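Coordinates from start.cif are shown below (mmCIF, C-alpha atoms).
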data_protein
loop_
_atom_site.group_PDB
_atom_site.id
_atom_site.type_symbol
_atom_site.label_atom_id
_atom_site.label_comp_id
_atom_site.auth_asym_id
_atom_site.auth_seq_id
_atom_site.Cartn_x
_atom_site.Cartn_y
_atom_site.Cartn_z
ATOM 1 C CA MET A 114 29.515 160.621 65.315
ATOM 2 C CA THR A 115 30.574 163.003 62.555
ATOM 3 C CA LYS A 116 31.848 166.531 62.807
ATOM 4 C CA GLN A 117 33.304 168.945 60.257
ATOM 5 C CA PRO A 118 35.873 170.879 62.322
ATOM 6 C CA GLN A 119 36.736 174.476 61.630
ATOM 7 C CA PRO A 120 40.050 175.196 59.879
ATOM 8 C CA PRO A 121 42.803 176.232 62.304
ATOM 9 C CA GLN A 122 43.064 179.969 62.940
ATOM 10 C CA ASN A 123 46.407 180.042 64.772
ATOM 11 C CA LYS A 124 49.482 177.830 64.748
ATOM 12 C CA THR A 125 51.471 177.438 67.947
ATOM 13 C CA PRO A 126 55.109 176.690 67.060
ATOM 14 C CA PRO A 127 56.566 173.548 68.688
ATOM 15 C CA THR A 128 59.195 173.981 71.410
ATOM 16 C CA HIS A 129 61.380 171.406 69.638
ATOM 17 C CA THR A 130 61.548 171.451 65.866
ATOM 18 C CA THR A 131 63.005 168.215 64.522
ATOM 19 C CA VAL A 132 60.998 165.130 63.601
ATOM 20 C CA LEU A 133 63.044 161.993 62.898
ATOM 21 C CA GLY A 134 61.737 159.145 60.780
ATOM 22 C CA PHE A 135 62.780 155.615 61.726
ATOM 23 C CA GLY A 136 61.733 152.906 59.294
ATOM 24 C CA ALA A 137 62.505 151.161 56.041
ATOM 25 C CA LEU A 138 63.934 153.023 53.047
ATOM 26 C CA ASN A 139 62.751 151.491 49.782
ATOM 27 C CA LEU A 140 62.961 152.274 46.104
ATOM 28 C CA ASP A 141 59.400 151.868 44.794
ATOM 29 C CA ARG A 142 59.200 150.359 41.329
ATOM 30 C CA ILE A 143 55.614 151.131 40.335
ATOM 31 C CA TYR A 144 53.782 149.259 37.579
ATOM 32 C CA TYR A 145 50.517 150.780 36.388
ATOM 33 C CA VAL A 146 48.339 147.852 35.336
ATOM 34 C CA ASP A 147 44.871 147.112 34.033
ATOM 35 C CA ARG A 148 44.206 145.010 37.138
ATOM 36 C CA ILE A 149 46.010 143.504 40.108
ATOM 37 C CA VAL A 150 46.270 139.861 39.149
ATOM 38 C CA ARG A 151 45.380 136.847 41.237
ATOM 39 C CA PRO A 152 46.986 133.397 40.964
ATOM 40 C CA ASP A 153 46.924 132.022 37.397
ATOM 41 C CA GLU A 154 45.649 135.338 35.958
ATOM 42 C CA GLU A 155 47.345 137.624 33.472
ATOM 43 C CA GLY A 156 47.251 141.400 33.247
ATOM 44 C CA PHE A 157 48.880 144.193 31.293
ATOM 45 C CA ILE A 158 51.316 146.963 32.222
ATOM 46 C CA SER A 159 50.546 150.394 30.799
ATOM 47 C CA SER A 160 53.572 152.239 32.246
ATOM 48 C CA THR A 161 56.300 152.015 34.887
ATOM 49 C CA GLU A 162 57.914 154.530 37.221
ATOM 50 C CA ASN A 163 60.601 154.461 39.933
ATOM 51 C CA HIS A 164 60.098 156.538 43.092
ATOM 52 C CA PRO A 165 61.947 156.715 46.424
ATOM 53 C CA GLY A 166 59.689 155.377 49.156
ATOM 54 C CA GLY A 167 59.340 153.749 52.548
ATOM 55 C CA SER A 168 56.438 154.590 54.853
ATOM 56 C CA ALA A 169 58.315 156.652 57.450
ATOM 57 C CA ALA A 170 60.360 158.348 54.721
ATOM 58 C CA ASN A 171 57.197 159.377 52.867
ATOM 59 C CA THR A 172 55.795 160.943 56.033
ATOM 60 C CA ILE A 173 59.077 162.718 56.775
ATOM 61 C CA VAL A 174 59.202 164.175 53.263
ATOM 62 C CA GLY A 175 55.601 165.301 53.728
ATOM 63 C CA LEU A 176 56.528 167.059 56.970
ATOM 64 C CA SER A 177 59.600 168.649 55.380
ATOM 65 C CA ARG A 178 57.441 170.091 52.591
ATOM 66 C CA LEU A 179 55.237 171.612 55.287
ATOM 67 C CA GLY A 180 58.231 173.459 56.724
ATOM 68 C CA THR A 181 59.148 171.035 59.526
ATOM 69 C CA GLU A 182 62.803 170.378 60.338
ATOM 70 C CA THR A 183 63.326 166.666 59.664
ATOM 71 C CA GLY A 184 65.920 163.885 59.756
ATOM 72 C CA TYR A 185 66.059 160.156 59.211
ATOM 73 C CA ILE A 186 67.366 156.998 60.881
ATOM 74 C CA GLY A 187 67.804 154.132 58.432
ATOM 75 C CA LYS A 188 70.174 152.069 56.303
ATOM 76 C CA VAL A 189 70.916 151.630 52.598
ATOM 77 C CA ALA A 190 73.479 149.703 50.584
ATOM 78 C CA GLY A 191 76.154 151.402 48.508
ATOM 79 C CA ASP A 192 74.259 150.614 45.325
ATOM 80 C CA GLU A 193 72.286 152.632 42.801
ATOM 81 C CA GLY A 194 69.087 152.317 44.817
ATOM 82 C CA GLY A 195 70.826 153.574 47.949
ATOM 83 C CA ARG A 196 72.227 156.596 46.140
ATOM 84 C CA ILE A 197 68.795 157.453 44.721
ATOM 85 C CA LEU A 198 67.202 157.179 48.161
ATOM 86 C CA LEU A 199 69.803 159.376 49.883
ATOM 87 C CA ASP A 200 69.884 161.974 47.099
ATOM 88 C CA ASP A 201 66.107 162.271 47.160
ATOM 89 C CA LEU A 202 65.939 162.776 50.942
ATOM 90 C CA SER A 203 68.650 165.417 50.714
ATOM 91 C CA SER A 204 66.783 167.179 47.910
ATOM 92 C CA GLU A 205 63.738 167.309 50.212
ATOM 93 C CA VAL A 206 65.830 169.008 52.945
ATOM 94 C CA VAL A 207 65.848 165.898 55.171
ATOM 95 C CA ASP A 208 68.987 165.424 57.298
ATOM 96 C CA THR A 209 70.515 162.049 56.294
ATOM 97 C CA THR A 210 73.517 161.996 58.648
ATOM 98 C CA SER A 211 71.909 159.134 60.612
ATOM 99 C CA VAL A 212 71.319 156.961 57.518
ATOM 100 C CA SER A 213 73.999 154.242 57.510
ATOM 101 C CA VAL A 214 75.520 153.069 54.216
ATOM 102 C CA THR A 215 76.897 149.521 54.032
ATOM 103 C CA ASN A 216 79.936 148.678 51.917
ATOM 104 C CA ASN A 217 79.391 144.951 51.385
ATOM 105 C CA GLN A 218 79.110 144.385 47.636
ATOM 106 C CA ASN A 219 76.445 141.714 48.197
ATOM 107 C CA ASP A 220 74.167 144.036 50.146
ATOM 108 C CA ARG A 221 71.003 145.451 48.562
ATOM 109 C CA SER A 222 68.996 148.532 49.375
ATOM 110 C CA GLY A 223 65.309 147.962 50.081
ATOM 111 C CA GLU A 224 62.948 147.752 47.134
ATOM 112 C CA CYS A 225 59.181 147.498 46.612
ATOM 113 C CA LEU A 226 57.378 146.282 43.515
ATOM 114 C CA ILE A 227 54.012 148.046 43.485
ATOM 115 C CA MET A 228 51.108 147.348 41.148
ATOM 116 C CA VAL A 229 48.517 150.139 40.787
ATOM 117 C CA ASP A 230 45.293 149.542 38.861
ATOM 118 C CA CYS A 231 43.026 152.027 37.069
ATOM 119 C CA SER A 232 41.017 152.603 40.269
ATOM 120 C CA GLY A 233 44.109 153.599 42.219
ATOM 121 C CA ASP A 234 44.159 150.397 44.283
ATOM 122 C CA ARG A 235 47.494 148.662 44.787
ATOM 123 C CA GLY A 236 49.372 145.476 45.593
ATOM 124 C CA ILE A 237 52.930 145.381 46.979
ATOM 125 C CA LEU A 238 55.895 142.965 47.038
ATOM 126 C CA VAL A 239 58.850 143.910 49.270
ATOM 127 C CA ASP A 240 62.576 143.087 49.227
ATOM 128 C CA PRO A 241 63.829 144.442 52.607
ATOM 129 C CA GLY A 242 67.539 144.337 51.738
ATOM 130 C CA VAL A 243 69.665 145.970 54.470
ATOM 131 C CA ASN A 244 66.632 147.554 56.145
ATOM 132 C CA ASP A 245 66.455 144.585 58.510
ATOM 133 C CA THR A 246 70.001 145.057 59.866
ATOM 134 C CA ILE A 247 69.857 148.338 61.837
ATOM 135 C CA SER A 248 71.483 147.891 65.266
ATOM 136 C CA THR A 249 71.698 150.190 68.284
ATOM 137 C CA ALA A 250 75.216 151.079 67.118
ATOM 138 C CA ASP A 251 73.621 152.731 64.062
ATOM 139 C CA VAL A 252 71.514 155.091 66.202
ATOM 140 C CA ASP A 253 72.779 158.363 67.717
ATOM 141 C CA MET A 254 70.705 158.614 70.901
ATOM 142 C CA ASP A 255 71.800 162.208 71.494
ATOM 143 C CA GLN A 256 70.220 163.155 68.169
ATOM 144 C CA VAL A 257 67.141 161.103 69.000
ATOM 145 C CA ASP A 258 66.646 162.718 72.407
ATOM 146 C CA SER A 259 67.008 166.219 70.967
ATOM 147 C CA ALA A 260 64.093 165.659 68.571
ATOM 148 C CA ALA A 261 60.488 166.670 69.123
ATOM 149 C CA LEU A 262 59.184 163.342 67.818
ATOM 150 C CA ILE A 263 60.386 160.014 66.427
ATOM 151 C CA HIS A 264 57.996 158.668 63.794
ATOM 152 C CA MET A 265 58.328 154.887 63.560
ATOM 153 C CA THR A 266 57.032 152.474 60.935
ATOM 154 C CA SER A 267 57.501 148.770 60.312
ATOM 155 C CA PHE A 268 60.400 146.736 58.993
ATOM 156 C CA VAL A 269 59.764 143.469 57.144
ATOM 157 C CA CYS A 270 62.056 141.524 59.522
ATOM 158 C CA ARG A 271 62.248 138.654 57.045
ATOM 159 C CA ASN A 272 65.941 137.976 57.607
ATOM 160 C CA SER A 273 66.355 139.332 61.140
ATOM 161 C CA ASP A 274 64.478 141.035 63.996
ATOM 162 C CA THR A 275 67.458 143.336 64.592
ATOM 163 C CA SER A 276 65.817 146.547 63.349
ATOM 164 C CA PHE A 277 62.592 145.835 65.238
ATOM 165 C CA LYS A 278 64.518 145.274 68.474
ATOM 166 C CA THR A 279 66.502 148.463 67.873
ATOM 167 C CA GLN A 280 63.278 150.437 67.425
ATOM 168 C CA LYS A 281 61.900 148.976 70.658
ATOM 169 C CA HIS A 282 65.082 149.983 72.477
ATOM 170 C CA VAL A 283 64.849 153.534 71.128
ATOM 171 C CA ALA A 284 61.139 153.811 71.990
ATOM 172 C CA ALA A 285 61.761 152.636 75.550
ATOM 173 C CA SER A 286 64.867 154.809 76.072
ATOM 174 C CA THR A 287 64.252 158.154 74.380
ATOM 175 C CA THR A 288 62.892 161.289 75.993
ATOM 176 C CA ALA A 289 61.385 162.349 72.640
ATOM 177 C CA ASP A 290 57.725 161.723 71.801
ATOM 178 C CA ILE A 291 56.869 158.667 69.701
ATOM 179 C CA SER A 292 54.396 158.227 66.871
ATOM 180 C CA LEU A 293 53.772 154.748 65.487
ATOM 181 C CA ASP A 294 52.274 153.643 62.194
ATOM 182 C CA PRO A 295 52.419 149.862 62.675
ATOM 183 C CA GLY A 296 51.567 148.755 59.148
ATOM 184 C CA THR A 297 50.275 145.239 58.675
ATOM 185 C CA LEU A 298 53.667 143.696 59.474
ATOM 186 C CA TYR A 299 53.815 145.018 63.030
ATOM 187 C CA ALA A 300 50.064 144.902 63.618
ATOM 188 C CA GLU A 301 50.170 141.147 63.034
ATOM 189 C CA ARG A 302 52.528 140.834 66.002
ATOM 190 C CA GLY A 303 49.740 141.969 68.328
ATOM 191 C CA MET A 304 49.609 144.512 71.125
ATOM 192 C CA GLU A 305 51.854 142.644 73.552
ATOM 193 C CA ALA A 306 54.787 142.688 71.132
ATOM 194 C CA LEU A 307 54.301 146.435 70.541
ATOM 195 C CA MET A 308 53.886 147.633 74.132
ATOM 196 C CA GLU A 309 57.241 149.495 74.155
ATOM 197 C CA PHE A 310 55.792 151.670 71.366
ATOM 198 C CA ILE A 311 52.163 151.902 72.473
ATOM 199 C CA SER A 312 52.869 152.755 76.109
ATOM 200 C CA ARG A 313 55.113 155.677 75.036
ATOM 201 C CA ALA A 314 53.133 156.810 72.013
ATOM 202 C CA ARG A 315 52.009 160.387 71.567
ATOM 203 C CA VAL A 316 49.858 158.955 68.781
ATOM 204 C CA VAL A 317 49.280 155.538 67.178
ATOM 205 C CA LEU A 318 48.218 155.737 63.518
ATOM 206 C CA PRO A 319 46.872 152.360 62.295
ATOM 207 C CA SER A 320 44.441 151.585 59.514
ATOM 208 C CA ASP A 321 41.158 149.994 60.550
ATOM 209 C CA ASN A 322 42.435 146.552 59.518
ATOM 210 C CA GLU A 323 45.729 147.061 61.381
ATOM 211 C CA LEU A 324 43.827 148.086 64.501
ATOM 212 C CA LYS A 325 41.827 144.863 64.339
ATOM 213 C CA LEU A 326 45.002 142.814 63.874
ATOM 214 C CA MET A 327 46.705 144.534 66.810
ATOM 215 C CA THR A 328 43.857 144.304 69.272
ATOM 216 C CA GLY A 329 41.862 141.310 68.055
ATOM 217 C CA CYS A 330 38.814 143.576 68.323
ATOM 218 C CA GLU A 331 36.406 144.050 65.406
ATOM 219 C CA ASP A 332 34.919 147.264 66.783
ATOM 220 C CA ILE A 333 37.054 150.313 65.930
ATOM 221 C CA GLN A 334 35.971 152.343 68.963
ATOM 222 C CA GLU A 335 36.726 149.492 71.352
ATOM 223 C CA GLY A 336 40.044 148.778 69.647
ATOM 224 C CA ALA A 337 41.105 152.421 69.897
ATOM 225 C CA SER A 338 40.120 152.443 73.563
ATOM 226 C CA MET A 339 42.345 149.412 74.137
ATOM 227 C CA LEU A 340 45.343 151.350 72.806
ATOM 228 C CA ILE A 341 44.468 154.350 74.993
ATOM 229 C CA ASP A 342 44.194 152.068 78.034
ATOM 230 C CA ALA A 343 47.631 150.635 77.145
ATOM 231 C CA GLY A 344 49.207 154.094 77.357
ATOM 232 C CA ALA A 345 48.823 155.765 73.945
ATOM 233 C CA GLN A 346 47.802 159.410 74.349
ATOM 234 C CA TRP A 347 46.031 159.665 70.989
ATOM 235 C CA VAL A 348 44.813 157.147 68.407
ATOM 236 C CA ALA A 349 43.992 158.039 64.797
ATOM 237 C CA VAL A 350 42.499 155.204 62.758
ATOM 238 C CA LYS A 351 42.701 155.586 58.976
ATOM 239 C CA LEU A 352 39.533 154.434 57.201
ATOM 240 C CA GLY A 353 40.465 155.044 53.556
ATOM 241 C CA ALA A 354 37.564 156.527 51.618
ATOM 242 C CA ASP A 355 35.597 156.825 54.883
ATOM 243 C CA GLY A 356 38.075 159.270 56.418
ATOM 244 C CA CYS A 357 39.361 158.575 59.914
ATOM 245 C CA TYR A 358 38.331 157.965 63.513
ATOM 246 C CA VAL A 359 40.181 159.598 66.413
ATOM 247 C CA ALA A 360 40.159 159.112 70.163
ATOM 248 C CA ASP A 361 42.099 160.448 73.148
ATOM 249 C CA GLY A 362 40.191 158.960 76.089
ATOM 250 C CA ARG A 363 37.729 161.848 76.119
ATOM 251 C CA ILE A 364 37.047 162.714 72.481
ATOM 252 C CA LYS A 365 35.809 160.018 70.088
ATOM 253 C CA TRP A 366 35.109 161.347 66.615
ATOM 254 C CA HIS A 367 34.731 160.324 62.980
ATOM 255 C CA ILE A 368 35.978 162.823 60.372
ATOM 256 C CA PRO A 369 34.831 162.110 56.775
ATOM 257 C CA ALA A 370 37.264 162.077 53.863
ATOM 258 C CA GLN A 371 37.528 164.830 51.269
ATOM 259 C CA ASN A 372 35.913 164.115 47.884
ATOM 260 C CA VAL A 373 38.610 164.112 45.168
ATOM 261 C CA ASN A 374 39.482 162.367 41.923
ATOM 262 C CA VAL A 375 41.613 159.383 42.995
ATOM 263 C CA VAL A 376 44.644 158.664 40.795
ATOM 264 C CA ASP A 377 46.936 156.629 43.082
ATOM 265 C CA THR A 378 46.432 155.682 46.737
ATOM 266 C CA THR A 379 50.091 154.692 47.205
ATOM 267 C CA GLY A 380 51.328 156.526 50.302
ATOM 268 C CA ALA A 381 47.920 157.956 51.225
ATOM 269 C CA GLY A 382 48.257 156.812 54.824
ATOM 270 C CA ASP A 383 51.766 158.273 55.026
ATOM 271 C CA ALA A 384 50.441 161.608 53.741
ATOM 272 C CA PHE A 385 47.691 161.516 56.375
ATOM 273 C CA ASN A 386 50.377 160.933 59.016
ATOM 274 C CA ALA A 387 52.323 163.976 57.822
ATOM 275 C CA GLY A 388 49.306 166.264 58.024
ATOM 276 C CA PHE A 389 48.198 164.873 61.375
ATOM 277 C CA ILE A 390 51.663 165.150 62.945
ATOM 278 C CA TYR A 391 52.082 168.664 61.539
ATOM 279 C CA GLY A 392 48.913 169.730 63.319
ATOM 280 C CA MET A 393 49.931 167.971 66.520
ATOM 281 C CA LEU A 394 53.354 169.666 66.568
ATOM 282 C CA HIS A 395 51.619 173.041 66.294
ATOM 283 C CA GLY A 396 49.359 172.467 69.275
ATOM 284 C CA MET A 397 46.133 171.733 67.428
ATOM 285 C CA ASP A 398 43.408 169.543 68.927
ATOM 286 C CA ILE A 399 42.986 165.945 67.822
ATOM 287 C CA VAL A 400 39.969 166.597 65.569
ATOM 288 C CA THR A 401 41.696 169.442 63.733
ATOM 289 C CA CYS A 402 44.821 167.276 63.333
ATOM 290 C CA ALA A 403 42.626 164.616 61.738
ATOM 291 C CA LEU A 404 41.080 167.156 59.381
ATOM 292 C CA ILE A 405 44.531 168.305 58.273
ATOM 293 C CA GLY A 406 45.566 164.660 57.842
ATOM 294 C CA ASN A 407 42.538 164.002 55.640
ATOM 295 C CA ILE A 408 43.224 167.095 53.532
ATOM 296 C CA THR A 409 46.906 166.211 53.105
ATOM 297 C CA ALA A 410 46.007 162.683 51.993
ATOM 298 C CA SER A 411 43.306 163.978 49.622
ATOM 299 C CA ILE A 412 45.843 166.208 47.855
ATOM 300 C CA LYS A 413 48.382 163.394 47.586
ATOM 301 C CA ILE A 414 46.061 160.812 46.006
ATOM 302 C CA THR A 415 45.361 163.065 43.020
ATOM 303 C CA LYS A 416 48.947 162.427 41.810
ATOM 304 C CA ARG A 417 50.995 159.350 41.006
ATOM 305 C CA GLY A 418 53.605 157.967 43.390
ATOM 306 C CA ALA A 419 53.903 157.946 47.169
ATOM 307 C CA ARG A 420 55.473 161.421 47.258
ATOM 308 C CA GLY A 421 54.542 163.116 43.987
ATOM 309 C CA GLY A 422 51.339 164.587 45.401
ATOM 310 C CA LEU A 423 52.572 165.470 48.893
ATOM 311 C CA PRO A 424 51.586 169.128 49.314
ATOM 312 C CA TYR A 425 53.721 172.118 50.184
ATOM 313 C CA MET A 426 52.546 174.590 52.787
ATOM 314 C CA ASP A 427 50.896 176.968 50.313
ATOM 315 C CA GLN A 428 48.892 174.093 48.798
ATOM 316 C CA LEU A 429 47.736 172.890 52.213
ATOM 317 C CA ASP A 430 46.804 176.426 53.283
ATOM 318 C CA ALA A 431 44.826 176.912 50.070
ATOM 319 C CA ALA A 432 42.941 173.640 50.610
ATOM 320 C CA ILE A 433 42.129 174.538 54.220
ATOM 321 C CA THR A 434 40.997 178.027 53.242
ATOM 322 C CA GLY A 435 38.750 176.537 50.574
ATOM 323 C CA LEU A 436 36.711 174.465 53.043
#
Could the structure of this file be written out as structure tokens, please?
Amino acid sequence: MTKQPQPPQNKTPPTHTTVLGFGALNLDRIYYVDRIVRPDEEGFISSTENHPGGSAANTIVGLSRLGTETGYIGKVAGDEGGRILLDDLSSEVVDTTSVSVTNNQNDRSGECLIMVDCSGDRGILVDPGVNDTISTADVDMDQVDSAALIHMTSFVCRNSDTSFKTQKHVAASTTADISLDPGTLYAERGMEALMEFISRARVVLPSDNELKLMTGCEDIQEGASMLIDAGAQWVAVKLGADGCYVADGRIKWHIPAQNVNVVDTTGAGDAFNAGFIYGMLHGMDIVTCALIGNITASIKITKRGARGGLPYMDQLDAAITGL
């Protein structure tokens, strides 16, 4: 079922203001290529760029640009990558007091090698570095409980499950709302492993493929209903070029994507999350939140990099007004 919702007329300010991100911090090394190669194939690099990234961090920067008070829970090494990541968050008015910095000279900050082809499609290789070592001692629960929402995304957990277990502890213990973008890494663990998140979630924000991995269900509507039955209040399923599907136990709706010239889809889902959460914090209904998420993502994908196209409030307002 498809509906084109009306742009929001009024914004109800949230009673709490801070949104905290909790996920990996990575320096994205982006290679723009003629094609994303398969085994035994060769391709060509046209240009390279370095951008601060990490799924939760991208969403938090997106929210900060929309005027939301934000902070971050994470870890970096005391290396060049770590300094770039912290400086960039600070420049985006994100509170970094809860980002731990390790002093071991052998530690590495997280890094992603991203290949983007001429169609805007991408492939990613990840070095988690110290992202996988966040313990409960690194988390200030007083700060967490004072937030409006904790937005959680996946850790690679290649070297340790420590950060995953810490996230589960926070999700089960905090009085703040939870939003979860599982990514493929957590979705592959299945619903049972993610129940501490799902049962407390204000919203779960998977892609269609991640939803199938989590639930084992091929039907998007049935899979979303499984998450609702498990305790999630809202589910927003990202469908790429097809827009998104949302459900809250009563409403089940498909919202089509905006038609734009695609340059780079890196971080498109994170941009959607920022727009959706922004709407949710301001008391908008689930369909309007999805519309704002779609618009935010559509603006982002017209620029290179996970954050380069994230809109500011005036840009988002202009796009909404232009519908």
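Of the listed residues (A:Gln280, A:Ser411, A:Asp342, A:Val350), A:Ser411 comes nearest to Ala370 (chain A); the distances count all atoms listed in the file.
The closest residue to Leu133 (chain A), picked from A:Gly180, A:Gly187, A:Gly353, A:Pro319 and counting only C-alpha atoms, is A:Gly187.
For Val239 (chain A), the list of residues within 9 Å, based on all atoms listed in the file and with local chain neighbours fewer than 3 positions off taken out, reads Asn139, Gly223, Glu224, Cys225, Leu226, Ile227 and Val269 of chain A.
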With all atoms listed in the file as the atoms that count, which of A:Ile368, A:Ile333, A:Ala360, A:Ala431 lies nearest to Val317 (chain A)? A:Ala360
In the coordinates of the file, take the point (52.6, 150.9, 77.2) and a cut-off of 6 Å; then, counting all atoms listed in the file, name each qualifying protein, DNA or RNA residue as number ranges by chain. A: 308-309, 311-313, 343-344
Interatomic distance, CA of Trp347 (chain A) to CA of Tyr185 (chain A) (Å, one decimal): 23.2 Å
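Taking all atoms listed in the file into account, Asp427 (chain A) lies nearest to A:Leu179 out of the set A:Tyr145, A:Leu179, A:Asp234, A:Pro369.
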Coordinates-based distance that separates CA of Val174 (chain A) from CA of Phe310 (chain A) (Å, one decimal): 22.3 Å
Distance CA of Gly184 (chain A)-CA of Tyr425 (chain A), one decimal place? 17.6 Å
Hey, which of A:Met339, A:Ile291, A:Leu352, A:Val316 ends up closest to Gly303 (chain A)? Count all atoms listed in the file. A:Met339
Anything within 10 Å of (58.4, 167.9, 56.8): list those residues as a PDB file with C-alpha atoms, in the coordinates of the input, counting all atoms listed in the file and sticking to the file's coordinates.
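File result_11.pdb, as written:
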ATOM      1  CA  THR A 131      63.005 168.215  64.522  1.00  0.00           C
ATOM      2  CA  VAL A 132      60.998 165.130  63.601  1.00  0.00           C
ATOM      3  CA  LEU A 133      63.044 161.993  62.898  1.00  0.00           C
ATOM      4  CA  ALA A 170      60.360 158.348  54.721  1.00  0.00           C
ATOM      5  CA  ASN A 171      57.197 159.377  52.867  1.00  0.00           C
ATOM      6  CA  THR A 172      55.795 160.943  56.033  1.00  0.00           C
ATOM      7  CA  ILE A 173      59.077 162.718  56.775  1.00  0.00           C
ATOM      8  CA  VAL A 174      59.202 164.175  53.263  1.00  0.00           C
ATOM      9  CA  GLY A 175      55.601 165.301  53.728  1.00  0.00           C
ATOM     10  CA  LEU A 176      56.528 167.059  56.970  1.00  0.00           C
ATOM     11  CA  SER A 177      59.600 168.649  55.380  1.00  0.00           C
ATOM     12  CA  ARG A 178      57.441 170.091  52.591  1.00  0.00           C
ATOM     13  CA  LEU A 179      55.237 171.612  55.287  1.00  0.00           C
ATOM     14  CA  GLY A 180      58.231 173.459  56.724  1.00  0.00           C
ATOM     15  CA  THR A 181      59.148 171.035  59.526  1.00  0.00           C
ATOM     16  CA  GLU A 182      62.803 170.378  60.338  1.00  0.00           C
ATOM     17  CA  THR A 183      63.326 166.666  59.664  1.00  0.00           C
ATOM     18  CA  GLY A 184      65.920 163.885  59.756  1.00  0.00           C
ATOM     19  CA  GLU A 205      63.738 167.309  50.212  1.00  0.00           C
ATOM     20  CA  VAL A 206      65.830 169.008  52.945  1.00  0.00           C
ATOM     21  CA  VAL A 207      65.848 165.898  55.171  1.00  0.00           C
ATOM     22  CA  ALA A 387      52.323 163.976  57.822  1.00  0.00           C
ATOM     23  CA  GLY A 388      49.306 166.264  58.024  1.00  0.00           C
ATOM     24  CA  ILE A 390      51.663 165.150  62.945  1.00  0.00           C
ATOM     25  CA  TYR A 391      52.082 168.664  61.539  1.00  0.00           C
ATOM     26  CA  TYR A 425      53.721 172.118  50.184  1.00  0.00           C
ATOM     27  CA  MET A 426      52.546 174.590  52.787  1.00  0.00           C
TER      28      MET A 426
END
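Against the coordinates shown, the PyMOL selection byres ((chain A and resi 298) around 10) returns A:Thr266, A:Ser267, A:Phe268, A:Val269, A:Cys270, A:Pro295, A:Gly296, A:Thr297, A:Tyr299, A:Ala300, A:Glu301, A:Arg302, A:Gly303, A:Glu323, A:Leu326.
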The PyMOL selection byres ((chain A and resi 138) around 9) - which residues does that actually catch in the file I just gave you? List them as a PyMOL selection string. chain A and resi 136-137+139-140+165-170+187-189+195+198+222-224+241+244
Need to verify the contact set: Ile399 (chain A), 12 Å, only C-alpha atoms, exclusion of same-chain residues closer than 3 positions in sequence. Can you return it as a VMD selection string? chain A and resid 118 121 315 to 316 346 to 350 357 to 368 388 to 396 402 to 406
Run the PyMOL selection byres ((chain A and resi 414) around 7) on the file and write out the hits as number ranges by chain. A: 375-378, 381, 410-413, 415-416, 422
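Minimum distance to Asp430 (chain A) across A:Asp332, A:Asp220, A:Arg417, A:Thr409 (counting only C-alpha atoms) occurs at A:Thr409.
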Grab all the atoms of region 266-280 of chain A that the file lists, wrap them in a box along x, y and z, add 8 Å per side, and give me centre plus edge lengths in Å (one decimal) as lines of an AutoDock Vina configuration file.
center_x = 62.2
center_y = 145.2
center_z = 62.8
size_x = 26.4
size_y = 30.5
size_z = 27.4
